[in-house]
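Pasting data-v3.tsv here (TSV, C-alpha atoms):
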chain	number	residue	atom	x	y	z
A	1	MET	CA	8.77	-32.37	-2.82
A	2	LYS	CA	9.46	-28.69	-2.15
A	3	ALA	CA	6.94	-26.27	-3.64
A	4	VAL	CA	7.53	-22.50	-3.61
A	5	ILE	CA	4.20	-20.68	-3.75
A	6	VAL	CA	4.58	-17.13	-4.99
A	7	ILE	CA	1.18	-16.22	-6.35
A	8	ASP	CA	-0.13	-12.71	-6.96
A	9	SER	CA	-3.50	-11.53	-5.69
A	10	PHE	CA	-6.66	-12.34	-7.62
A	11	LYS	CA	-7.77	-8.71	-7.88
A	12	GLY	CA	-11.05	-7.94	-6.15
A	13	CYS	CA	-11.21	-11.45	-4.79
A	14	LEU	CA	-8.19	-12.93	-2.96
A	15	SER	CA	-5.07	-11.32	-1.54
A	16	SER	CA	-1.67	-12.83	-2.31
A	17	ARG	CA	-1.65	-14.37	1.17
A	18	GLU	CA	-5.13	-15.84	0.77
A	19	ALA	CA	-4.33	-17.28	-2.66
A	20	GLY	CA	-1.15	-18.83	-1.30
A	21	ASP	CA	-3.04	-20.39	1.61
A	22	ALA	CA	-5.56	-21.94	-0.79
A	23	VAL	CA	-2.85	-23.44	-3.00
A	24	GLU	CA	-0.99	-24.80	0.01
A	25	LYS	CA	-4.17	-26.43	1.31
A	26	GLY	CA	-4.66	-28.23	-2.00
A	27	ILE	CA	-1.05	-29.39	-2.19
A	28	LEU	CA	-1.04	-30.82	1.34
A	29	ARG	CA	-4.29	-32.67	0.70
A	30	ALA	CA	-2.62	-34.35	-2.27
A	31	ILE	CA	0.89	-34.75	-0.83
A	32	PRO	CA	0.79	-34.49	2.98
A	33	GLU	CA	4.56	-34.81	3.30
A	34	ALA	CA	5.26	-31.95	0.87
A	35	GLU	CA	7.37	-28.97	1.96
A	36	THR	CA	5.65	-25.71	1.06
A	37	VAL	CA	7.08	-22.19	1.14
A	38	LYS	CA	4.59	-19.32	0.78
A	39	ILE	CA	5.81	-15.88	-0.27
A	40	PRO	CA	3.19	-13.10	-0.57
A	41	VAL	CA	4.04	-10.85	-3.52
A	42	ALA	CA	2.81	-7.93	-5.60
A	43	ASP	CA	4.09	-5.83	-8.50
A	44	GLY	CA	4.45	-2.49	-6.70
A	45	GLY	CA	0.84	-1.46	-7.27
A	46	GLU	CA	-2.28	-2.25	-5.30
A	47	GLY	CA	-1.65	-4.92	-2.67
A	48	THR	CA	2.08	-4.24	-2.30
A	49	VAL	CA	1.86	-2.98	1.29
A	50	GLU	CA	-0.22	-5.94	2.41
A	51	ALA	CA	1.98	-8.48	0.61
A	52	LEU	CA	5.27	-7.13	1.96
A	53	VAL	CA	3.98	-6.63	5.50
A	54	ASP	CA	2.78	-10.26	5.43
A	55	ALA	CA	6.00	-11.58	3.95
A	56	LEU	CA	8.30	-9.62	6.25
A	57	GLY	CA	6.31	-9.91	9.47
A	58	GLY	CA	5.74	-6.17	9.67
A	59	VAL	CA	2.98	-4.00	11.09
A	60	PHE	CA	0.50	-1.54	9.65
A	61	GLU	CA	0.39	2.16	10.50
A	62	GLU	CA	-2.25	4.73	9.65
A	63	VAL	CA	-1.91	8.50	9.42
A	64	GLU	CA	-4.16	11.36	8.35
A	65	VAL	CA	-2.89	13.27	5.32
A	66	HIS	CA	-4.30	15.61	2.71
A	67	GLY	CA	-6.04	13.80	-0.12
A	68	PRO	CA	-5.74	14.72	-3.81
A	69	LEU	CA	-8.14	17.65	-3.46
A	70	GLY	CA	-6.98	18.71	-0.01
A	71	GLU	CA	-9.53	16.72	1.96
A	72	PRO	CA	-8.43	14.65	5.00
A	73	VAL	CA	-7.63	11.02	4.17
A	74	LEU	CA	-6.55	8.16	6.43
A	75	ALA	CA	-3.63	6.52	4.64
A	76	LYS	CA	-2.31	3.09	5.62
A	77	TYR	CA	1.30	2.02	5.16
A	78	GLY	CA	3.54	-0.75	6.48
A	79	ILE	CA	6.72	-0.93	8.55
A	80	ALA	CA	9.05	-3.94	8.57
A	81	ASP	CA	12.71	-4.80	9.02
A	82	VAL	CA	14.60	-5.34	5.77
A	83	ASP	CA	18.34	-6.08	5.87
A	84	ASN	CA	18.39	-4.88	9.49
A	85	LYS	CA	16.93	-1.53	8.47
A	86	LYS	CA	13.57	-0.13	9.53
A	87	CYS	CA	11.70	0.04	6.27
A	88	ALA	CA	8.38	1.65	5.31
A	89	ILE	CA	6.25	0.20	2.52
A	90	ILE	CA	4.05	2.83	0.92
A	91	GLU	CA	1.54	2.87	-1.92
A	92	SER	CA	1.14	6.37	-3.34
A	93	ALA	CA	-2.50	5.54	-4.05
A	94	ALA	CA	-3.17	5.35	-0.30
A	95	ALA	CA	-2.82	9.13	-0.13
A	96	ILE	CA	-3.44	10.36	-3.67
A	97	GLY	CA	-5.13	7.50	-5.48
A	98	LEU	CA	-7.61	8.02	-8.30
A	99	PRO	CA	-10.43	6.22	-6.41
A	100	LEU	CA	-10.19	8.95	-3.75
A	101	VAL	CA	-11.51	11.48	-6.26
A	102	PRO	CA	-15.19	11.28	-7.28
A	103	GLU	CA	-15.46	10.81	-11.03
A	104	ARG	CA	-17.19	14.15	-11.54
A	105	LEU	CA	-14.29	15.94	-9.79
A	106	ARG	CA	-11.39	14.25	-11.59
A	107	ASN	CA	-9.18	17.02	-12.91
A	108	PRO	CA	-5.35	16.74	-12.85
A	109	MET	CA	-5.08	20.52	-12.93
A	110	LYS	CA	-6.53	20.55	-9.41
A	111	THR	CA	-5.18	17.37	-7.81
A	112	SER	CA	-1.96	17.42	-5.79
A	113	SER	CA	0.55	14.86	-4.57
A	114	PHE	CA	1.04	16.83	-1.33
A	115	GLY	CA	-0.46	14.05	0.79
A	116	LEU	CA	2.15	11.56	-0.44
A	117	GLY	CA	4.86	13.87	0.90
A	118	GLU	CA	3.08	13.93	4.26
A	119	LEU	CA	2.94	10.14	4.22
A	120	LEU	CA	6.70	9.95	3.57
A	121	LEU	CA	7.37	12.31	6.48
A	122	ALA	CA	5.18	10.22	8.78
A	123	ALA	CA	7.25	7.12	7.98
A	124	ILE	CA	10.51	9.02	8.43
A	125	SER	CA	9.29	10.31	11.79
A	126	LYS	CA	8.74	6.68	12.83
A	127	GLY	CA	12.44	6.05	12.26
A	128	CYS	CA	12.25	4.49	8.80
A	129	ARG	CA	15.34	5.17	6.71
A	130	ARG	CA	14.50	2.93	3.77
A	131	LEU	CA	11.24	3.62	1.95
A	132	ILE	CA	9.74	1.32	-0.67
A	133	ILE	CA	7.18	3.27	-2.70
A	134	GLY	CA	4.74	1.94	-5.27
A	135	LEU	CA	3.70	4.61	-7.76
A	136	GLY	CA	0.61	3.00	-9.29
A	137	GLY	CA	-2.89	4.45	-9.30
A	138	SER	CA	-2.28	8.13	-8.59
A	139	SER	CA	-4.82	10.83	-9.47
A	140	THR	CA	-2.16	13.47	-10.10
A	141	VAL	CA	-0.16	14.97	-12.94
A	142	ASP	CA	1.69	17.62	-10.94
A	143	GLY	CA	5.29	16.63	-11.70
A	144	GLY	CA	5.73	15.70	-8.06
A	145	ILE	CA	5.87	19.32	-6.90
A	146	GLY	CA	2.97	18.75	-4.52
A	147	MET	CA	4.87	15.95	-2.76
A	148	LEU	CA	8.09	17.95	-2.78
A	149	SER	CA	6.44	21.03	-1.27
A	150	ALA	CA	5.27	18.86	1.66
A	151	LEU	CA	8.90	17.80	2.12
A	152	GLY	CA	10.03	21.43	2.38
A	153	TYR	CA	11.05	22.25	-1.19
A	154	ARG	CA	9.75	25.65	-2.26
A	155	PHE	CA	8.56	26.66	-5.72
A	156	PHE	CA	8.27	30.28	-6.85
A	157	ASP	CA	6.69	32.03	-9.81
A	158	GLY	CA	8.35	34.58	-12.04
A	159	GLU	CA	7.67	37.40	-9.59
A	160	GLY	CA	9.16	35.53	-6.64
A	161	ALA	CA	5.84	34.60	-5.05
A	162	LEU	CA	5.67	31.25	-3.26
A	163	LEU	CA	3.46	28.77	-5.07
A	164	CYS	CA	1.33	26.99	-2.50
A	165	PRO	CA	-0.52	24.70	-2.66
A	166	CYS	CA	1.11	23.01	-5.63
A	167	SER	CA	-1.01	21.09	-8.12
A	168	GLY	CA	-1.14	20.45	-11.85
A	169	GLU	CA	-2.16	24.01	-12.64
A	170	THR	CA	0.91	25.25	-10.72
A	171	ILE	CA	3.42	23.54	-13.02
A	172	PRO	CA	3.53	26.19	-15.80
A	173	LEU	CA	4.07	28.91	-13.18
A	174	VAL	CA	7.25	27.50	-11.63
A	175	ALA	CA	10.19	29.80	-12.37
A	176	SER	CA	12.60	28.86	-9.57
A	177	ILE	CA	13.15	26.21	-6.90
A	178	ASP	CA	14.62	26.56	-3.41
A	179	SER	CA	15.92	23.41	-1.70
A	180	SER	CA	17.29	25.07	1.43
A	181	GLN	CA	14.21	24.32	3.55
A	182	ALA	CA	13.90	20.64	2.58
A	183	ASP	CA	13.66	18.31	5.58
A	184	PRO	CA	17.29	17.47	6.48
A	185	ARG	CA	16.33	13.86	7.35
A	186	LEU	CA	15.73	13.21	3.65
A	187	LYS	CA	19.50	12.91	3.18
A	188	GLU	CA	19.49	9.86	5.48
A	189	VAL	CA	16.75	8.03	3.58
A	190	GLU	CA	17.09	5.45	0.80
A	191	PHE	CA	14.13	5.67	-1.57
A	192	MET	CA	13.32	2.51	-3.54
A	193	VAL	CA	10.62	3.26	-6.11
A	194	ALA	CA	8.55	0.61	-7.88
A	195	CYS	CA	8.05	1.86	-11.42
A	196	ASP	CA	6.89	-0.29	-14.33
A	197	VAL	CA	6.52	2.32	-17.07
A	198	SER	CA	9.12	3.90	-19.33
A	199	THR	CA	7.19	7.12	-19.97
A	200	VAL	CA	9.40	10.23	-19.88
A	201	PHE	CA	8.51	13.31	-17.85
A	202	ALA	CA	6.96	15.51	-20.54
A	203	ASP	CA	4.84	12.64	-21.90
A	204	ALA	CA	3.07	12.06	-18.58
A	205	PRO	CA	0.12	14.38	-19.39
A	206	SER	CA	-0.66	12.73	-22.74
A	207	VAL	CA	-0.15	9.16	-21.49
A	208	PHE	CA	-1.78	9.38	-18.06
A	209	GLY	CA	-3.76	12.63	-18.09
A	210	PRO	CA	-6.93	11.46	-19.90
A	211	GLN	CA	-7.55	8.58	-17.47
A	212	LYS	CA	-7.33	11.11	-14.63
A	213	GLY	CA	-9.84	13.49	-16.15
A	214	ALA	CA	-7.71	15.67	-18.41
A	215	THR	CA	-9.26	17.28	-21.48
A	216	PRO	CA	-7.17	17.79	-24.63
A	217	GLU	CA	-6.67	21.42	-23.61
A	218	MET	CA	-5.47	20.36	-20.16
A	219	VAL	CA	-3.05	17.86	-21.73
A	220	LYS	CA	-1.57	20.64	-23.87
A	221	THR	CA	-1.19	23.01	-20.91
A	222	LEU	CA	0.32	20.33	-18.67
A	223	THR	CA	2.75	19.17	-21.37
A	224	GLU	CA	4.01	22.70	-21.89
A	225	GLY	CA	4.31	23.06	-18.14
A	226	MET	CA	6.29	19.84	-17.81
A	227	LEU	CA	8.76	21.00	-20.47
A	228	SER	CA	9.20	24.31	-18.65
A	229	LEU	CA	9.54	22.65	-15.23
A	230	SER	CA	12.10	20.23	-16.62
A	231	SER	CA	14.26	23.19	-17.66
A	232	VAL	CA	13.94	24.84	-14.23
A	233	ILE	CA	14.88	21.59	-12.48
A	234	LYS	CA	17.95	21.23	-14.70
A	235	ARG	CA	19.05	24.80	-13.90
A	236	ASP	CA	18.27	24.88	-10.15
A	237	ILE	CA	18.75	21.25	-9.10
A	238	GLY	CA	21.39	20.28	-11.65
A	239	VAL	CA	19.62	17.18	-12.92
A	240	ASP	CA	18.33	16.64	-16.45
A	241	ILE	CA	15.12	14.64	-16.05
A	242	SER	CA	13.84	15.15	-19.58
A	243	LYS	CA	14.82	11.78	-21.05
A	244	ASN	CA	14.90	9.46	-18.04
A	245	PRO	CA	12.70	6.37	-18.59
A	246	GLY	CA	10.05	6.25	-15.88
A	247	GLY	CA	10.28	9.96	-15.11
A	248	GLY	CA	6.66	10.39	-16.15
A	249	ALA	CA	5.37	7.62	-13.87
A	250	ALA	CA	2.42	8.67	-11.70
A	251	GLY	CA	2.20	12.04	-13.40
A	252	GLY	CA	5.88	12.91	-12.97
A	253	LEU	CA	6.50	11.46	-9.50
A	254	GLY	CA	9.14	9.15	-10.97
A	255	ALA	CA	11.30	12.12	-11.95
A	256	ALA	CA	10.65	13.91	-8.66
A	257	PHE	CA	11.95	10.94	-6.68
A	258	SER	CA	15.02	10.42	-8.86
A	259	ALA	CA	16.04	14.08	-9.20
A	260	PHE	CA	15.31	15.47	-5.74
A	261	LEU	CA	15.50	12.40	-3.48
A	262	LYS	CA	18.08	10.23	-5.30
A	263	GLY	CA	15.38	7.58	-5.58
A	264	LYS	CA	16.15	4.36	-7.43
A	265	LEU	CA	13.44	3.47	-9.95
A	266	ARG	CA	13.10	-0.28	-10.41
A	267	PRO	CA	10.52	-2.65	-11.89
A	268	GLY	CA	7.95	-3.32	-9.19
A	269	THR	CA	8.08	-7.11	-9.20
A	270	GLU	CA	11.89	-7.10	-9.11
A	271	LEU	CA	11.92	-4.71	-6.16
A	272	VAL	CA	9.35	-6.73	-4.21
A	273	LEU	CA	11.08	-10.07	-4.88
A	274	ASP	CA	14.41	-8.65	-3.73
A	275	SER	CA	12.80	-7.25	-0.58
A	276	VAL	CA	11.45	-10.66	0.46
A	277	GLY	CA	14.67	-12.50	-0.45
A	278	PHE	CA	12.93	-14.61	-3.08
A	279	ASP	CA	16.04	-16.19	-4.63
A	280	SER	CA	17.06	-17.78	-1.33
A	281	PHE	CA	13.83	-19.81	-1.23
A	282	LEU	CA	14.55	-21.47	-4.57
A	283	ASP	CA	17.34	-23.65	-3.20
A	284	GLY	CA	16.14	-27.24	-3.44
A	285	ALA	CA	12.78	-26.29	-4.96
A	286	ASP	CA	11.12	-28.87	-7.20
A	287	ILE	CA	8.36	-26.59	-8.50
A	288	VAL	CA	7.33	-22.94	-8.37
A	289	ILE	CA	3.67	-21.98	-8.31
A	290	THR	CA	2.54	-18.54	-9.40
A	291	GLY	CA	-0.51	-17.00	-11.05
A	292	GLU	CA	-3.06	-14.19	-10.93
A	293	GLY	CA	-6.73	-13.59	-11.62
A	294	ARG	CA	-6.38	-13.42	-15.39
A	295	ILE	CA	-3.43	-14.40	-17.54
A	296	ASP	CA	-3.39	-12.43	-20.79
A	297	THR	CA	-1.10	-10.27	-22.92
A	298	GLN	CA	-0.55	-7.91	-19.97
A	299	THR	CA	1.02	-10.72	-17.94
A	300	ALA	CA	4.24	-10.52	-19.94
A	301	LEU	CA	4.51	-6.74	-19.53
A	302	GLY	CA	6.06	-6.60	-16.07
A	303	LYS	CA	3.33	-8.18	-13.97
A	304	THR	CA	4.28	-10.46	-11.10
A	305	PRO	CA	4.22	-13.87	-12.88
A	306	SER	CA	6.52	-12.67	-15.67
A	307	GLY	CA	9.00	-11.31	-13.13
A	308	ILE	CA	8.99	-14.63	-11.33
A	309	ILE	CA	9.75	-16.48	-14.57
A	310	LYS	CA	12.85	-14.33	-15.11
A	311	ARG	CA	14.10	-14.87	-11.58
A	312	VAL	CA	13.57	-18.61	-11.64
A	313	GLU	CA	15.28	-18.94	-15.02
A	314	ALA	CA	18.23	-16.88	-13.78
A	315	ALA	CA	18.51	-18.96	-10.62
A	316	SER	CA	18.42	-22.18	-12.66
A	317	GLY	CA	21.30	-20.99	-14.80
A	318	GLY	CA	19.65	-22.42	-17.90
A	319	GLU	CA	20.24	-25.99	-16.75
A	320	ASN	CA	17.34	-28.13	-15.55
A	321	PRO	CA	15.08	-25.13	-14.96
A	322	ILE	CA	12.61	-25.41	-12.11
A	323	PRO	CA	9.09	-25.97	-13.55
A	324	ILE	CA	6.73	-23.03	-13.10
A	325	ILE	CA	3.00	-23.56	-13.13
A	326	ALA	CA	0.42	-20.80	-13.03
A	327	PHE	CA	-3.08	-20.89	-11.60
A	328	CYS	CA	-5.56	-18.30	-12.85
A	329	GLY	CA	-9.24	-17.49	-12.92
A	330	SER	CA	-9.09	-17.38	-16.70
A	331	CYS	CA	-6.49	-17.49	-19.46
A	332	ALA	CA	-6.58	-15.57	-22.73
A	333	LEU	CA	-3.27	-16.75	-24.15
A	334	GLY	CA	-2.80	-19.47	-26.72
A	335	GLU	CA	0.88	-19.80	-25.89
A	336	TYR	CA	2.43	-18.97	-22.57
A	337	PRO	CA	5.88	-19.06	-20.96
A	338	PHE	CA	4.86	-21.32	-18.05
A	339	SER	CA	5.29	-25.06	-17.84
A	340	GLU	CA	1.53	-25.23	-17.47
A	341	VAL	CA	-1.40	-22.85	-16.95
A	342	ILE	CA	-4.36	-24.11	-14.96
A	343	PRO	CA	-7.63	-22.13	-14.95
A	344	ILE	CA	-9.43	-22.74	-11.67
A	345	THR	CA	-12.98	-21.72	-12.62
A	346	PRO	CA	-15.23	-24.66	-13.49
A	347	PRO	CA	-16.87	-24.46	-16.95
A	348	GLY	CA	-20.17	-22.60	-16.87
A	349	MET	CA	-19.63	-20.94	-13.50
A	350	PRO	CA	-20.80	-17.27	-13.72
A	351	LEU	CA	-18.10	-14.68	-13.08
A	352	SER	CA	-20.13	-13.17	-10.25
A	353	VAL	CA	-20.03	-16.52	-8.46
A	354	ALA	CA	-16.38	-17.25	-9.29
A	355	MET	CA	-15.35	-13.86	-7.86
A	356	ASP	CA	-16.82	-14.64	-4.45
A	357	PRO	CA	-13.78	-15.00	-2.15
A	358	LEU	CA	-14.99	-18.24	-0.57
A	359	VAL	CA	-15.75	-19.77	-3.96
A	360	ALA	CA	-12.45	-18.60	-5.46
A	361	SER	CA	-10.49	-19.98	-2.53
A	362	ARG	CA	-12.25	-23.34	-2.84
A	363	ASN	CA	-11.72	-23.43	-6.62
A	364	LEU	CA	-8.04	-22.61	-6.23
A	365	SER	CA	-7.51	-25.23	-3.53
A	366	GLU	CA	-9.35	-27.86	-5.58
A	367	ALA	CA	-7.32	-27.04	-8.70
A	368	ALA	CA	-4.09	-27.42	-6.73
A	369	PHE	CA	-5.28	-30.73	-5.26
A	370	ASN	CA	-6.23	-32.12	-8.68
A	371	TYR	CA	-2.88	-31.11	-10.16
A	372	PHE	CA	-0.69	-32.42	-7.35
A	373	ARG	CA	-2.49	-35.70	-6.72
A	374	LEU	CA	-1.11	-36.75	-10.12
A	375	TYR	CA	2.21	-34.96	-9.67
A	376	GLN	CA	5.46	-36.81	-10.25
A	377	LYS	CA	8.88	-35.22	-9.87
Now that the file is in, can you turn its structure into structure tokens?
Amino acid sequence: MKAVIVIDSFKGCLSSREAGDAVEKGILRAIPEAETVKIPVADGGEGTVEALVDALGGVFEEVEVHGPLGEPVLAKYGIADVDNKKCAIIESAAAIGLPLVPERLRNPMKTSSFGLGELLLAAISKGCRRLIIGLGGSSTVDGGIGMLSALGYRFFDGEGALLCPCSGETIPLVASIDSSQADPRLKEVEFMVACDVSTVFADAPSVFGPQKGATPEMVKTLTEGMLSLSSVIKRDIGVDISKNPGGGAAGGLGAAFSAFLKGKLRPGTELVLDSVGFDSFLDGADIVITGEGRIDTQTALGKTPSGIIKRVEAASGGENPIPIIAFCGSCALGEYPFSEVIPITPPGMPLSVAMDPLVASRNLSEAAFNYFRLYQK
């Protein structure tokens, strides 16, 4: 039996690698001769760097950048070889994530994506010419101009004054853009951007602003600013970003990557699975094992298990599809698209106990053992 283990992290509990190890342990207890293939995965958000570095045999790097409010932050990213190219794996949240801003200080008028630009430059300086960027969890709604200013793009107000630093409150002031000072190495870089939302640029303030501390008045100001900035970008850069799905991701970073850096926006799970060469591991597989901490209505909306279902179905060609089972801490779906869903938490176990990493690992391993000791191809 060949089992492909491609299980997402159990948030706040087990990493993708740790969950995969636990499942493998249970399988081999039940079927010692089984062939197991473990592939750490993520959906482009939290855990993506760790999963891809694990899967690709890469290394971690750390660099000091400016945080969302200008404070120094140590940001971690990964470097690995992908298709014989030196590739950096970056989570925007490492530099400009919402958890980096104390709740009382959350204000997207003041936060900037400048530190993300510094993080990109650090990776480029290390020789990386392919960058995989996850956009989830940012604290910013600055249209990406903070990041772009770190990369050398210059933004001016109506009187020709340079706008620096750039943040959310800068957006309505932008009257012109100068690209002549942008880092020339950017032209050599392929930007692959994990983006799982379809929000357009001008809708970013209303969709994402409130969770980042925006008041209704701020949302109005930022929306008007986004509409104005969109017009300036169209005139000075020659790209209409106003209707592009995903342009509003991470407060407008999606549009900034696509318009200024020729970035390719792709669903996070799809991008990660391609990067690890997932399809090649399905050859000869008898079963695929996936899962996450909680399977609910969000699972079908682009999260890792749903992306895996699509890939496995496509690889099967509709004939004799490979069975897919999902392990989870809990399940809130009456019907699900997996062959089987197996909650790992014993009845009556308190959540606080079940979330302990040692307990969760044991529960997951035991659930895998119990399933596979009765398994028949």
query: Out of A:Leu151, A:Ala161, A:Ile325, A:Ala214, which residue has the shortest atom-to-atom distance to Lys187 in chain A when counting all atoms listed in the file?
result: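 Going through A:Leu151, A:Ala161, A:Ile325, A:Ala214 one by one, the smallest distance to Lys187 in chain A is for A:Leu151.
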Using only C-alpha atoms, I'd like a table of the residues in range 171-259 of chain A that come within 12 Å of range 69-91 of chain A; for each, show the closest atom pair and its distance in Å rounded to one decimal, ordered by chain and ascending number, as a Markdown table.
| residue | atom | partner | partner_atom | distance |
| --- | --- | --- | --- | --- |
| A:Val189 | CA | A:Cys87 | CA | 9.8 |
| A:Glu190 | CA | A:Cys87 | CA | 9.4 |
| A:Phe191 | CA | A:Ala88 | CA | 9.8 |
| A:Met192 | CA | A:Ile89 | CA | 9.6 |
| A:Val193 | CA | A:Ile90 | CA | 9.6 |
| A:Ala194 | CA | A:Glu91 | CA | 9.5 |
| A:Cys195 | CA | A:Glu91 | CA | 11.6 |
| A:Ala250 | CA | A:Glu91 | CA | 11.4 |
- request: Can you work out the spacing between CA of Gly127 in chain A and CA of Glu46 in chain A in Å, to one decimal?
  value: 24.4 Å
- prompt: Which one of A:Val37, A:Val6, A:Leu116, A:Leu52 sits closest to Phe327 in chain A if you count all atoms listed in the file?
  reply: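 Closest residue, counting all atoms listed in the file: A:Val6.
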- prompt: In terms of the shortest atom-to-atom distance over all atoms listed in the file, which of A:Arg311, A:Ser180, A:Pro347, A:Ile132 is closest to Phe155 in chain A?
  reply: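 The closest residue to Phe155 in chain A is A:Ser180.
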- prompt: Suppose you want the space between CA of Ala360 in chain A and CA of Ala42 in chain A; what is it in Å?
  reply: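 About the pair CA of Ala360 in chain A and CA of Ala42 in chain A: they are 18.6 Å apart.
One finds CA of Pro172 in chain A at 7.2 Å from CA of Met226 in chain A.
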If you count only C-alpha atoms, which residues fall within 6 Å of Gly143 in chain A, apart from same-chain ones fewer than 2 positions away, as a tab-separated table (two decimals) with C-alpha atoms, in the coordinates of the input?
chain	number	residue	atom	x	y	z
A	141	VAL	CA	-0.16	14.97	-12.94
A	145	ILE	CA	5.87	19.32	-6.90
A	251	GLY	CA	2.20	12.04	-13.40
A	252	GLY	CA	5.88	12.91	-12.97
A	253	LEU	CA	6.50	11.46	-9.50
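Residue nearest Asp196 in chain A within the list A:Val23, A:Leu271, A:Met109, A:Met1: A:Leu271 [criterion: smallest interatomic distance, all atoms listed in the file].
Between Asp157 in chain A and the residues A:Ala175, A:Thr215, A:Gly45, A:Pro267, the shortest atom-to-atom distance, using only C-alpha atoms, involves A:Ala175.
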statement: Across A:Leu364, A:Leu100, A:Leu222, A:Leu56, the smallest distance to Pro68 in chain A, with all atoms listed in the file counted, is shown by A:Leu100
message: Taking 6 positions as the minimum chain separation for residues in the same chain, which residues sit within 12 Å of range 230-232 of chain A when counting all atoms listed in the file? Answer as an MDAnalysis selection string.
response: chainID A and resid 143:145 155:158 171:178 200:203 222:224 238:244 247:248 252 255:256 259
message: Please list as an MDAnalysis selection string every residue within 8 Å of Thr304 in chain A, counting all atoms listed in the file and excluding residues in the same chain fewer than 2 positions away.
response: chainID A and resid 8 41:43 269 299 302 306:308
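Residues within 10 Å of Asp21 in chain A, counting only C-alpha atoms and excluding same-chain residues fewer than 2 positions away, are A:Ile5, A:Ile7, A:Ser15, A:Ser16, A:Arg17, A:Glu18, A:Ala19, A:Val23, A:Glu24, A:Lys25, A:Gly26, A:Ile27, A:Lys38, A:Pro40, A:Ser361, A:Leu364, A:Ser365.
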message: Using all atoms listed in the file, list the residues that have an atom at most 8 Å from (11.6, -13.4, -1.4), coordinates as in the file, as a PyMOL selection string.
response: chain A and resi 39+55+272-281
